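Just run_5.cif here, mmCIF, C-alpha atoms and all ligand atoms:
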```
data_data
#
loop_
_atom_site.group_PDB
_atom_site.id
_atom_site.type_symbol
_atom_site.label_atom_id
_atom_site.label_comp_id
_atom_site.auth_asym_id
_atom_site.auth_seq_id
_atom_site.Cartn_x
_atom_site.Cartn_y
_atom_site.Cartn_z
ATOM 1 C CA MET M 617 98.211 117.149 43.264
ATOM 2 C CA ARG M 618 97.921 113.369 43.039
ATOM 3 C CA ARG M 619 101.361 112.993 44.558
ATOM 4 C CA ARG M 620 100.407 115.206 47.428
ATOM 5 C CA SER M 621 97.153 113.434 48.088
ATOM 6 C CA THR M 622 99.025 110.123 48.282
ATOM 7 C CA ARG M 623 101.542 111.608 50.680
ATOM 8 C CA TRP M 624 98.721 112.978 52.763
ATOM 9 C CA ALA M 625 96.989 109.605 52.886
ATOM 10 C CA ILE M 626 100.192 108.053 54.204
ATOM 11 C CA ALA M 627 100.517 110.829 56.762
ATOM 12 C CA THR M 628 96.916 110.236 57.834
ATOM 13 C CA ALA M 629 97.608 106.585 58.509
ATOM 14 C CA ALA M 630 100.813 107.436 60.333
ATOM 15 C CA VAL M 631 99.180 109.847 62.731
ATOM 16 C CA ALA M 632 95.957 107.895 63.203
ATOM 17 C CA ALA M 633 97.382 106.270 66.310
ATOM 18 C CA LEU M 634 98.005 109.704 67.807
ATOM 19 C CA THR M 635 94.492 110.929 67.183
ATOM 20 C CA LEU M 636 93.135 110.190 70.631
ATOM 21 C CA SER M 637 95.849 111.997 72.526
ATOM 22 C CA ALA M 638 95.729 114.874 70.023
ATOM 23 C CA CYS M 639 92.018 115.109 70.666
ATOM 24 C CA ALA M 640 92.489 115.315 74.405
ATOM 25 C CA ASP M 641 95.077 118.072 74.027
ATOM 26 C CA THR M 642 93.537 120.252 71.353
ATOM 27 C CA GLY M 643 89.830 119.538 71.058
ATOM 28 C CA SER M 644 90.396 118.592 67.399
ATOM 29 C CA SER M 645 90.715 115.045 66.112
ATOM 30 C CA THR M 646 91.707 116.076 62.580
ATOM 31 C CA PRO M 647 95.063 114.602 61.551
ATOM 32 C CA GLU M 648 97.621 117.361 60.966
ATOM 33 C CA PRO M 649 98.014 117.893 57.200
ATOM 34 C CA GLU M 650 101.426 116.975 55.839
ATOM 35 C CA VAL M 651 103.599 120.067 55.498
ATOM 36 C CA VAL M 652 105.065 120.437 51.991
ATOM 37 C CA ASP M 653 108.818 120.503 52.501
ATOM 38 C CA ASP M 654 109.867 121.906 49.130
ATOM 39 C CA ALA M 655 107.235 124.594 48.525
ATOM 40 C CA GLN M 656 108.354 126.622 45.481
ATOM 41 C CA PHE M 657 106.645 129.812 44.363
ATOM 42 C CA GLU M 658 107.318 132.527 41.845
ATOM 43 C CA PRO M 659 109.454 135.250 43.451
ATOM 44 C CA GLY M 660 107.481 138.353 44.327
ATOM 45 C CA THR M 661 104.246 136.527 45.117
ATOM 46 C CA THR M 662 102.627 136.507 48.546
ATOM 47 C CA MET M 663 103.041 132.729 48.552
ATOM 48 C CA ALA M 664 106.827 133.091 48.092
ATOM 49 C CA ALA M 665 107.027 135.762 50.800
ATOM 50 C CA LEU M 666 105.117 133.624 53.314
ATOM 51 C CA ALA M 667 107.025 130.452 52.433
ATOM 52 C CA ASP M 668 110.337 132.331 52.880
ATOM 53 C CA ALA M 669 109.201 133.811 56.187
ATOM 54 C CA GLY M 670 108.146 130.363 57.408
ATOM 55 C CA THR M 671 105.150 131.839 59.186
ATOM 56 C CA ILE M 672 101.665 133.157 58.405
ATOM 57 C CA THR M 673 99.367 135.322 60.522
ATOM 58 C CA ILE M 674 95.752 134.180 60.428
ATOM 59 C CA GLY M 675 92.781 135.990 61.946
ATOM 60 C CA THR M 676 90.056 133.749 63.344
ATOM 61 C CA LYS M 677 87.379 133.712 66.036
ATOM 62 C CA PHE M 678 88.480 132.694 69.528
ATOM 63 C CA ASP M 679 85.072 132.097 71.127
ATOM 64 C CA GLN M 680 83.090 130.135 68.559
ATOM 65 C CA PRO M 681 82.984 126.415 69.365
ATOM 66 C CA LEU M 682 83.301 124.100 66.319
ATOM 67 C CA PHE M 683 84.895 126.838 64.114
ATOM 68 C CA GLY M 684 87.417 128.797 66.194
ATOM 69 C CA LEU M 685 87.677 128.379 69.954
ATOM 70 C CA ALA M 686 90.850 129.232 71.881
ATOM 71 C CA GLY M 687 91.974 127.447 75.006
ATOM 72 C CA PRO M 688 93.908 129.125 77.835
ATOM 73 C CA GLU M 689 97.158 129.058 75.786
ATOM 74 C CA GLY M 690 95.472 131.031 73.008
ATOM 75 C CA VAL M 691 95.738 128.324 70.346
ATOM 76 C CA PRO M 692 92.338 128.033 68.671
ATOM 77 C CA VAL M 693 90.692 124.823 67.422
ATOM 78 C CA GLY M 694 87.846 124.301 64.978
ATOM 79 C CA PHE M 695 86.981 123.918 61.300
ATOM 80 C CA ASP M 696 88.236 127.391 60.346
ATOM 81 C CA VAL M 697 91.500 126.627 62.122
ATOM 82 C CA GLU M 698 91.886 123.359 60.192
ATOM 83 C CA ILE M 699 91.323 125.170 56.887
ATOM 84 C CA GLY M 700 94.105 127.560 57.931
ATOM 85 C CA LYS M 701 96.426 124.643 58.705
ATOM 86 C CA ILE M 702 95.775 123.125 55.247
ATOM 87 C CA ILE M 703 96.699 126.418 53.543
ATOM 88 C CA ALA M 704 99.775 126.925 55.728
ATOM 89 C CA ALA M 705 100.966 123.353 55.088
ATOM 90 C CA GLU M 706 100.891 123.989 51.322
ATOM 91 C CA LEU M 707 103.144 127.000 51.945
ATOM 92 C CA GLY M 708 105.574 124.769 53.849
ATOM 93 C CA ILE M 709 104.465 126.212 57.205
ATOM 94 C CA ALA M 710 103.848 123.801 60.099
ATOM 95 C CA PRO M 711 100.824 124.361 62.395
ATOM 96 C CA GLU M 712 103.077 125.484 65.265
ATOM 97 C CA ASN M 713 104.457 128.263 63.057
ATOM 98 C CA ILE M 714 101.046 129.789 62.383
ATOM 99 C CA ARG M 715 100.426 132.984 64.360
ATOM 100 C CA TRP M 716 96.757 133.067 65.326
ATOM 101 C CA VAL M 717 95.183 136.467 65.984
ATOM 102 C CA GLU M 718 91.679 136.920 67.365
ATOM 103 C CA THR M 719 89.380 138.738 64.988
ATOM 104 C CA VAL M 720 85.829 139.711 65.914
ATOM 105 C CA SER M 721 83.189 140.364 63.280
ATOM 106 C CA ALA M 722 83.755 144.127 63.043
ATOM 107 C CA ASN M 723 87.555 144.194 62.690
ATOM 108 C CA ARG M 724 88.076 141.601 59.955
ATOM 109 C CA GLU M 725 88.242 144.005 56.983
ATOM 110 C CA PRO M 726 90.474 146.555 58.805
ATOM 111 C CA PHE M 727 92.851 143.826 59.982
ATOM 112 C CA ILE M 728 93.287 142.670 56.365
ATOM 113 C CA GLN M 729 93.553 146.219 55.016
ATOM 114 C CA ASN M 730 96.166 147.215 57.650
ATOM 115 C CA GLY M 731 98.218 144.059 57.082
ATOM 116 C CA GLU M 732 97.728 142.994 60.696
ATOM 117 C CA VAL M 733 96.856 139.550 59.361
ATOM 118 C CA ASP M 734 97.718 137.776 56.107
ATOM 119 C CA ILE M 735 94.333 136.094 55.838
ATOM 120 C CA VAL M 736 91.090 135.855 57.828
ATOM 121 C CA ILE M 737 89.261 132.543 58.256
ATOM 122 C CA ALA M 738 86.483 133.407 60.679
ATOM 123 C CA THR M 739 82.939 132.331 59.724
ATOM 124 C CA TYR M 740 83.338 135.168 57.236
ATOM 125 C CA THR M 741 80.527 135.613 54.712
ATOM 126 C CA ILE M 742 81.501 136.537 51.152
ATOM 127 C CA ASN M 743 79.454 139.522 50.000
ATOM 128 C CA ASP M 744 79.692 142.452 47.589
ATOM 129 C CA THR M 745 80.025 145.117 50.285
ATOM 130 C CA ARG M 746 83.091 143.433 51.760
ATOM 131 C CA LYS M 747 84.473 142.728 48.266
ATOM 132 C CA GLU M 748 84.817 146.487 47.791
ATOM 133 C CA VAL M 749 87.672 146.568 50.332
ATOM 134 C CA ILE M 750 89.079 143.009 50.519
ATOM 135 C CA SER M 751 88.849 139.873 48.399
ATOM 136 C CA PHE M 752 87.727 136.341 49.153
ATOM 137 C CA ALA M 753 88.885 132.879 48.229
ATOM 138 C CA GLY M 754 86.269 130.157 48.584
ATOM 139 C CA PRO M 755 83.576 129.576 49.601
ATOM 140 C CA TYR M 756 84.691 126.559 51.629
ATOM 141 C CA TYR M 757 81.351 126.181 53.507
ATOM 142 C CA GLU M 758 77.838 127.599 53.306
ATOM 143 C CA ALA M 759 75.930 128.431 56.488
ATOM 144 C CA GLY M 760 72.536 130.123 56.927
ATOM 145 C CA GLN M 761 71.342 132.652 59.481
ATOM 146 C CA ASP M 762 69.064 131.226 62.168
ATOM 147 C CA LEU M 763 67.861 131.954 65.710
ATOM 148 C CA LEU M 764 68.910 130.629 69.112
ATOM 149 C CA VAL M 765 66.259 130.659 71.852
ATOM 150 C CA PRO M 766 66.082 129.391 75.448
ATOM 151 C CA ALA M 767 65.639 125.607 75.742
ATOM 152 C CA GLY M 768 62.007 124.645 75.269
ATOM 153 C CA ASN M 769 61.463 127.766 73.107
ATOM 154 C CA PRO M 770 59.143 129.454 75.673
ATOM 155 C CA ASP M 771 58.063 132.192 73.220
ATOM 156 C CA GLY M 772 57.326 129.747 70.392
ATOM 157 C CA ILE M 773 59.654 131.538 67.949
ATOM 158 C CA THR M 774 59.733 129.772 64.571
ATOM 159 C CA GLY M 775 61.580 132.349 62.453
ATOM 160 C CA PRO M 776 62.460 136.038 62.007
ATOM 161 C CA ASP M 777 58.800 136.982 61.392
ATOM 162 C CA ASP M 778 58.000 136.121 65.027
ATOM 163 C CA LEU M 779 60.217 138.843 66.543
ATOM 164 C CA ALA M 780 58.010 141.967 66.359
ATOM 165 C CA ASP M 781 57.752 142.190 70.160
ATOM 166 C CA LYS M 782 61.062 140.462 70.956
ATOM 167 C CA VAL M 783 64.573 141.769 71.699
ATOM 168 C CA VAL M 784 67.196 140.053 69.528
ATOM 169 C CA CYS M 785 70.904 140.047 70.309
ATOM 170 C CA THR M 786 73.573 139.952 67.595
ATOM 171 C CA VAL M 787 77.043 141.250 66.737
ATOM 172 C CA THR M 788 78.172 144.570 65.274
ATOM 173 C CA GLY M 789 79.791 144.332 61.844
ATOM 174 C CA SER M 790 78.142 141.011 60.984
ATOM 175 C CA THR M 791 75.802 140.153 58.136
ATOM 176 C CA SER M 792 73.540 138.826 60.919
ATOM 177 C CA GLU M 793 72.973 142.384 62.156
ATOM 178 C CA VAL M 794 72.334 143.768 58.675
ATOM 179 C CA ASN M 795 69.907 140.943 57.853
ATOM 180 C CA ILE M 796 67.908 141.005 61.109
ATOM 181 C CA ARG M 797 67.334 144.754 60.791
ATOM 182 C CA GLU M 798 65.138 143.971 57.772
ATOM 183 C CA TYR M 799 62.630 142.350 60.121
ATOM 184 C CA ALA M 800 60.332 143.933 62.719
ATOM 185 C CA THR M 801 61.741 143.531 66.254
ATOM 186 C CA ALA M 802 61.207 145.289 69.591
ATOM 187 C CA ASP M 803 64.960 146.025 69.593
ATOM 188 C CA VAL M 804 68.274 144.736 68.263
ATOM 189 C CA LEU M 805 70.873 144.497 71.015
ATOM 190 C CA THR M 806 74.434 144.530 69.617
ATOM 191 C CA THR M 807 77.750 143.519 71.147
ATOM 192 C CA ASP M 808 81.153 142.429 69.802
ATOM 193 C CA THR M 809 81.019 138.620 70.069
ATOM 194 C CA TYR M 810 78.209 136.079 70.069
ATOM 195 C CA THR M 811 79.163 134.699 73.491
ATOM 196 C CA ASN M 812 78.423 138.179 74.861
ATOM 197 C CA CYS M 813 74.801 137.614 73.823
ATOM 198 C CA LEU M 814 74.423 134.604 76.123
ATOM 199 C CA GLU M 815 74.072 136.559 79.372
ATOM 200 C CA PRO M 816 71.252 138.810 78.018
ATOM 201 C CA MET M 817 69.534 135.592 76.916
ATOM 202 C CA ARG M 818 69.909 134.124 80.412
ATOM 203 C CA THR M 819 68.566 137.209 82.165
ATOM 204 C CA GLY M 820 65.680 137.627 79.727
ATOM 205 C CA ALA M 821 66.999 140.958 78.402
ATOM 206 C CA ALA M 822 66.969 139.283 74.957
ATOM 207 C CA GLN M 823 64.591 136.558 73.802
ATOM 208 C CA ALA M 824 66.682 135.404 70.837
ATOM 209 C CA LEU M 825 70.240 135.457 69.510
ATOM 210 C CA THR M 826 70.711 135.547 65.769
ATOM 211 C CA THR M 827 73.651 134.549 63.581
ATOM 212 C CA ASP M 828 74.724 131.621 61.416
ATOM 213 C CA ASN M 829 73.133 128.266 62.267
ATOM 214 C CA VAL M 830 76.501 126.538 62.761
ATOM 215 C CA ILE M 831 77.729 129.161 65.244
ATOM 216 C CA LEU M 832 74.463 128.794 67.158
ATOM 217 C CA ALA M 833 74.812 124.993 67.103
ATOM 218 C CA GLY M 834 78.257 125.352 68.686
ATOM 219 C CA LEU M 835 76.939 127.657 71.412
ATOM 220 C CA ALA M 836 73.995 125.337 72.138
ATOM 221 C CA ASP M 837 76.381 122.385 72.372
ATOM 222 C CA GLN M 838 78.798 124.277 74.645
ATOM 223 C CA ASN M 839 75.996 125.328 77.012
ATOM 224 C CA GLU M 840 74.134 122.059 77.179
ATOM 225 C CA GLY M 841 70.486 122.190 78.157
ATOM 226 C CA GLU M 842 70.284 125.996 78.138
ATOM 227 C CA PHE M 843 69.498 126.908 74.517
ATOM 228 C CA GLU M 844 68.186 125.481 71.247
ATOM 229 C CA VAL M 845 68.510 126.413 67.593
ATOM 230 C CA VAL M 846 65.162 127.156 65.913
ATOM 231 C CA GLY M 847 66.378 125.337 62.768
ATOM 232 C CA ASN M 848 64.802 127.547 60.112
ATOM 233 C CA PRO M 849 67.699 129.261 58.277
ATOM 234 C CA PHE M 850 66.618 132.390 56.369
ATOM 235 C CA THR M 851 69.790 133.553 54.537
ATOM 236 C CA ALA M 852 72.742 132.047 52.653
ATOM 237 C CA GLU M 853 76.149 132.704 54.250
ATOM 238 C CA PRO M 854 78.973 131.394 52.058
ATOM 239 C CA TYR M 855 82.184 131.370 54.114
ATOM 240 C CA GLY M 856 85.283 132.752 52.407
ATOM 241 C CA ILE M 857 88.929 133.332 53.222
ATOM 242 C CA GLY M 858 89.537 137.076 53.379
ATOM 243 C CA LEU M 859 92.735 138.488 51.882
ATOM 244 C CA ALA M 860 94.094 141.726 50.438
ATOM 245 C CA LEU M 861 91.905 143.269 47.752
ATOM 246 C CA ASP M 862 94.348 143.221 44.834
ATOM 247 C CA ASP M 863 96.164 139.948 45.521
ATOM 248 C CA THR M 864 94.562 137.919 42.734
ATOM 249 C CA GLU M 865 97.486 135.453 42.503
ATOM 250 C CA PHE M 866 97.159 134.590 46.193
ATOM 251 C CA ARG M 867 93.370 134.289 45.886
ATOM 252 C CA ASN M 868 93.668 131.940 42.880
ATOM 253 C CA TRP M 869 96.284 129.877 44.672
ATOM 254 C CA ILE M 870 94.132 129.501 47.821
ATOM 255 C CA ASN M 871 91.224 128.444 45.602
ATOM 256 C CA ASP M 872 93.489 125.769 44.054
ATOM 257 C CA VAL M 873 94.404 124.559 47.547
ATOM 258 C CA LEU M 874 90.724 124.363 48.562
ATOM 259 C CA GLU M 875 89.802 122.371 45.463
ATOM 260 C CA ALA M 876 92.683 119.967 46.075
ATOM 261 C CA ALA M 877 91.562 119.564 49.703
ATOM 262 C CA TYR M 878 88.003 118.834 48.543
ATOM 263 C CA ALA M 879 89.288 116.186 46.134
ATOM 264 C CA ASP M 880 91.743 114.343 48.371
ATOM 265 C CA GLY M 881 89.811 114.134 51.630
ATOM 266 C CA ARG M 882 91.554 116.814 53.703
ATOM 267 C CA TRP M 883 88.455 119.052 53.719
ATOM 268 C CA VAL M 884 86.210 116.204 54.942
ATOM 269 C CA ALA M 885 88.780 115.212 57.566
ATOM 270 C CA ALA M 886 88.924 118.829 58.757
ATOM 271 C CA TRP M 887 85.148 118.889 59.122
ATOM 272 C CA GLU M 888 84.821 115.492 60.767
ATOM 273 C CA GLY M 889 87.510 116.272 63.333
ATOM 274 C CA THR M 890 85.859 119.530 64.417
ATOM 275 C CA ALA M 891 82.323 120.686 63.529
ATOM 276 C CA GLY M 892 81.467 117.104 62.557
ATOM 277 C CA ALA M 893 81.283 116.242 66.264
ATOM 278 C CA VAL M 894 77.929 118.050 66.328
ATOM 279 C CA LEU M 895 76.906 118.623 62.676
ATOM 280 C CA GLU M 896 76.441 116.334 59.686
ATOM 281 C CA THR M 897 79.131 116.364 57.016
ATOM 282 C CA PRO M 898 78.016 118.547 54.082
ATOM 283 C CA GLU M 899 79.171 118.558 50.463
ATOM 284 C CA PRO M 900 81.841 121.220 49.912
ATOM 285 C CA PRO M 901 80.505 124.185 47.915
ATOM 286 C CA ALA M 902 81.928 125.051 44.492
ATOM 287 C CA VAL M 903 84.738 127.612 44.677
ATOM 288 C CA ASP M 904 83.699 130.946 43.158
ATOM 289 C CA ARG M 905 86.527 132.310 40.997
ATOM 290 C CA TYR M 906 85.045 135.761 40.454
HETATM 291 N N1 LIG M 1001 78.909 134.916 58.680
HETATM 292 C C1 LIG M 1001 78.423 136.164 59.178
HETATM 293 C C2 LIG M 1001 79.398 137.289 58.937
HETATM 294 O O1 LIG M 1001 80.450 137.082 58.390
HETATM 295 C C3 LIG M 1001 78.046 136.089 60.637
HETATM 296 C C4 LIG M 1001 79.050 135.400 61.506
HETATM 297 C C5 LIG M 1001 80.144 136.316 62.002
HETATM 298 O O2 LIG M 1001 79.849 137.445 62.427
HETATM 299 O O3 LIG M 1001 81.301 135.870 61.997
HETATM 300 O O4 LIG M 1001 79.118 138.418 59.245
#
```
Once you've parsed the file, please lay out its structure as structure tokens.
Amino acid sequence: MRRRSTRWAIATAAVAALTLSACADTGSSTPEPEVVDDAQFEPGTTMAALADAGTITIGTKFDQPLFGLAGPEGVPVGFDVEIGKIIAAELGIAPENIRWVETVSANREPFIQNGEVDIVIATYTINDTRKEVISFAGPYYEAGQDLLVPAGNPDGITGPDDLADKVVCTVTGSTSEVNIREYATADVLTTDTYTNCLEPMRTGAAQALTTDNVILAGLADQNEGEFEVVGNPFTAEPYGIGLALDDTEFRNWINDVLEAAYADGRWVAAWEGTAGAVLETPEPPAVDRY
């Protein structure tokens, strides 16, 4: 690991000069992690299969600024995307050989179960219900559910207890939907992506949008002057990397990669080049090797 971190530090210095142009092209200023050129894995493991194939298919969000946001060419940028690049690089796979597939909240488990993707990195909360059908490496970040309201907060909403006569928009298949249904609301409006909640907010059909604070911060930043985050998170949302239920070797290996990235600065660089444009840099959470 020490050898790799040294190599990465050299790579960081080497690409630093390119950072500005990379930023203009991709929306990310994170240096590309150095791709391991001699990745060796035990035959029969998922790591060996992916390294041999030279490609990995990763499910992520395509419309969530700061975490996974795709441009017109369909290549997403964001913190989740950078975590995917770090994992791919350790498999010997360069960023351009990653196949990115859009996942929305409701299709993440089926996409993993059907083998449509190798892993999902998509603001994906680790919980026991999901662990019945898939498994999770991580967490690599911990968010908290919050509320987005129109700028100026005209209804004076301070938290989920203020929604008894309000319509709240959220996304099907998310923990946000499950959690908000525990509170009194006039109605919960559901759709398939959080950006689809913005129009009901603009027309007044919904008075609040609820999901993780960092997703809301990205939407507020993208639509400057229109919305604000209440800033009173009421759940814990540890983000994990979803993978096939029984692939314990792959899960352990991804956890090793995350811990190495915490230790050698790649995780911080990934954050600072993406979500860090809007949000403070947190401490990485401890990996949960359940
Ligand atoms: N983190 C929550 C979840 O995994 C909400 C965000 C999302 O839907 O991606 O359900």
Counting all atoms listed in the file, the option among M:Val845, M:Val765, M:Asp862, M:Gly834 closest to Arg818 (chain M): M:Val765
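For the pair CA of Pro726 (chain M) and CA of Lys677 (chain M), the separation is 15.1 Å.
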Taking the file as shown, find all residues satisfying the PyMOL selection byres (((chain M and resi 827) around 6) and not hetatm) and write them as a PDB file with C-alpha atoms, keeping the file's coordinate frame.
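Result file is selection.pdb:
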```
ATOM      1  CA  GLN M 761      71.342 132.652  59.481  1.00  0.00           C
ATOM      2  CA  ASP M 762      69.064 131.226  62.168  1.00  0.00           C
ATOM      3  CA  SER M 792      73.540 138.826  60.919  1.00  0.00           C
ATOM      4  CA  THR M 826      70.711 135.547  65.769  1.00  0.00           C
ATOM      5  CA  ASP M 828      74.724 131.621  61.416  1.00  0.00           C
TER       6      ASP M 828
END
```
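If you look at CA of Gly684 (chain M) and CA of Glu842 (chain M), they are 21.1 Å away from each other.
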Per residue of chain M within 10 Å of ligand LIG 1001 (chain M), what are the shortest atom pair and its distance in Å to one decimal, counting all atoms listed in the file, with rows by chain and residue number, as CSV?
```
residue,atom,partner,partner_atom,distance
M:Thr676,CA,M:LIG1001,O3,9.1
M:Lys677,CA,M:LIG1001,O3,7.6
M:Gln680,CA,M:LIG1001,O3,8.9
M:Phe683,CA,M:LIG1001,O3,9.9
M:Thr719,CA,M:LIG1001,O3,9.1
M:Val720,CA,M:LIG1001,O3,7.1
M:Ser721,CA,M:LIG1001,O2,4.5
M:Ala722,CA,M:LIG1001,O2,7.8
M:Arg724,CA,M:LIG1001,O1,9.0
M:Ile737,CA,M:LIG1001,O3,9.4
M:Ala738,CA,M:LIG1001,O3,5.9
M:Thr739,CA,M:LIG1001,O3,4.5
M:Tyr740,CA,M:LIG1001,O1,3.7
M:Thr741,CA,M:LIG1001,O1,4.0
M:Ile742,CA,M:LIG1001,O1,7.3
M:Asn743,CA,M:LIG1001,O1,8.8
M:Arg746,CA,M:LIG1001,O1,9.6
M:Glu758,CA,M:LIG1001,N1,9.1
M:Ala759,CA,M:LIG1001,N1,7.5
M:Gly760,CA,M:LIG1001,N1,8.2
M:Gln761,CA,M:LIG1001,C3,7.6
M:Thr786,CA,M:LIG1001,O2,8.5
M:Val787,CA,M:LIG1001,O2,6.4
M:Thr788,CA,M:LIG1001,O2,7.9
M:Gly789,CA,M:LIG1001,O4,6.5
M:Ser790,CA,M:LIG1001,O4,3.3
M:Thr791,CA,M:LIG1001,O4,3.9
M:Ser792,CA,M:LIG1001,C3,5.3
M:Glu793,CA,M:LIG1001,O4,7.9
M:Val794,CA,M:LIG1001,O4,8.7
M:Asn795,CA,M:LIG1001,O4,9.7
M:Asp808,CA,M:LIG1001,O2,9.0
M:Thr809,CA,M:LIG1001,O2,7.8
M:Tyr810,CA,M:LIG1001,O2,7.9
M:Thr826,CA,M:LIG1001,C3,9.0
M:Thr827,CA,M:LIG1001,C3,5.5
M:Asp828,CA,M:LIG1001,C3,5.6
M:Asn829,CA,M:LIG1001,C4,9.3
M:Val830,CA,M:LIG1001,C4,9.3
M:Ile831,CA,M:LIG1001,C4,7.4
M:Leu832,CA,M:LIG1001,C4,9.8
M:Ala852,CA,M:LIG1001,N1,9.1
M:Glu853,CA,M:LIG1001,N1,5.7
M:Pro854,CA,M:LIG1001,N1,7.5
M:Tyr855,CA,M:LIG1001,N1,6.6
M:Gly856,CA,M:LIG1001,O1,8.8
```
Kindly save the residues from that selection, with C-alpha atoms included, as an mmCIF file, keeping the file's coordinate frame.
```
data_model
loop_
_atom_site.group_PDB
_atom_site.id
_atom_site.type_symbol
_atom_site.label_atom_id
_atom_site.label_comp_id
_atom_site.auth_asym_id
_atom_site.auth_seq_id
_atom_site.Cartn_x
_atom_site.Cartn_y
_atom_site.Cartn_z
ATOM 1 C CA THR M 676 90.056 133.749 63.344
ATOM 2 C CA LYS M 677 87.379 133.712 66.036
ATOM 3 C CA GLN M 680 83.090 130.135 68.559
ATOM 4 C CA PHE M 683 84.895 126.838 64.114
ATOM 5 C CA THR M 719 89.380 138.738 64.988
ATOM 6 C CA VAL M 720 85.829 139.711 65.914
ATOM 7 C CA SER M 721 83.189 140.364 63.280
ATOM 8 C CA ALA M 722 83.755 144.127 63.043
ATOM 9 C CA ARG M 724 88.076 141.601 59.955
ATOM 10 C CA ILE M 737 89.261 132.543 58.256
ATOM 11 C CA ALA M 738 86.483 133.407 60.679
ATOM 12 C CA THR M 739 82.939 132.331 59.724
ATOM 13 C CA TYR M 740 83.338 135.168 57.236
ATOM 14 C CA THR M 741 80.527 135.613 54.712
ATOM 15 C CA ILE M 742 81.501 136.537 51.152
ATOM 16 C CA ASN M 743 79.454 139.522 50.000
ATOM 17 C CA ARG M 746 83.091 143.433 51.760
ATOM 18 C CA GLU M 758 77.838 127.599 53.306
ATOM 19 C CA ALA M 759 75.930 128.431 56.488
ATOM 20 C CA GLY M 760 72.536 130.123 56.927
ATOM 21 C CA GLN M 761 71.342 132.652 59.481
ATOM 22 C CA THR M 786 73.573 139.952 67.595
ATOM 23 C CA VAL M 787 77.043 141.250 66.737
ATOM 24 C CA THR M 788 78.172 144.570 65.274
ATOM 25 C CA GLY M 789 79.791 144.332 61.844
ATOM 26 C CA SER M 790 78.142 141.011 60.984
ATOM 27 C CA THR M 791 75.802 140.153 58.136
ATOM 28 C CA SER M 792 73.540 138.826 60.919
ATOM 29 C CA GLU M 793 72.973 142.384 62.156
ATOM 30 C CA VAL M 794 72.334 143.768 58.675
ATOM 31 C CA ASN M 795 69.907 140.943 57.853
ATOM 32 C CA ASP M 808 81.153 142.429 69.802
ATOM 33 C CA THR M 809 81.019 138.620 70.069
ATOM 34 C CA TYR M 810 78.209 136.079 70.069
ATOM 35 C CA THR M 826 70.711 135.547 65.769
ATOM 36 C CA THR M 827 73.651 134.549 63.581
ATOM 37 C CA ASP M 828 74.724 131.621 61.416
ATOM 38 C CA ASN M 829 73.133 128.266 62.267
ATOM 39 C CA VAL M 830 76.501 126.538 62.761
ATOM 40 C CA ILE M 831 77.729 129.161 65.244
ATOM 41 C CA LEU M 832 74.463 128.794 67.158
ATOM 42 C CA ALA M 852 72.742 132.047 52.653
ATOM 43 C CA GLU M 853 76.149 132.704 54.250
ATOM 44 C CA PRO M 854 78.973 131.394 52.058
ATOM 45 C CA TYR M 855 82.184 131.370 54.114
ATOM 46 C CA GLY M 856 85.283 132.752 52.407
#
```
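Here CA of Val783 (chain M) is placed at a distance of 7.2 Å from CA of Ala821 (chain M).
Taking all atoms listed in the file into account, Trp883 (chain M) lies nearest to M:Glu698 out of the set M:Glu815, M:Asp679, M:Glu698, M:Asp668.
Of the listed residues M:Gly700, M:Pro766, M:Pro755, M:Pro688, the one whose atoms come nearest to Glu899 (chain M) is M:Pro755, with distances taken using only C-alpha atoms.
The residues returned by the PyMOL selection byres (((chain M and resi 770) around 12) and not hetatm) for this structure are Leu764, Val765, Pro766, Ala767, Gly768, Asn769, Asp771, Gly772, Ile773, Thr774, Gly820, Gln823, Ala824, Glu842, Phe843, Glu844 and Val846 of chain M.
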Export: region 690-707 of chain M, C-alpha atoms, as an mmCIF file, in the first residue's frame:
```cif
data_model
loop_
_atom_site.group_PDB
_atom_site.id
_atom_site.type_symbol
_atom_site.label_atom_id
_atom_site.label_comp_id
_atom_site.auth_asym_id
_atom_site.auth_seq_id
_atom_site.Cartn_x
_atom_site.Cartn_y
_atom_site.Cartn_z
ATOM 1 C CA GLY M 690 -23.195 10.594 -20.849
ATOM 2 C CA VAL M 691 -19.984 10.554 -18.805
ATOM 3 C CA PRO M 692 -20.906 11.396 -15.215
ATOM 4 C CA VAL M 693 -18.833 13.467 -12.768
ATOM 5 C CA GLY M 694 -19.001 13.717 -8.992
ATOM 6 C CA PHE M 695 -17.783 12.162 -5.749
ATOM 7 C CA ASP M 696 -19.440 8.790 -6.406
ATOM 8 C CA VAL M 697 -17.816 8.737 -9.835
ATOM 9 C CA GLU M 698 -14.386 9.432 -8.318
ATOM 10 C CA ILE M 699 -14.833 6.578 -5.835
ATOM 11 C CA GLY M 700 -15.609 4.341 -8.824
ATOM 12 C CA LYS M 701 -12.451 5.498 -10.607
ATOM 13 C CA ILE M 702 -10.332 4.682 -7.519
ATOM 14 C CA ILE M 703 -11.742 1.133 -7.395
ATOM 15 C CA ALA M 704 -11.346 0.622 -11.146
ATOM 16 C CA ALA M 705 -7.745 1.892 -11.060
ATOM 17 C CA GLU M 706 -6.864 -0.744 -8.439
ATOM 18 C CA LEU M 707 -8.235 -3.365 -10.844
#
```
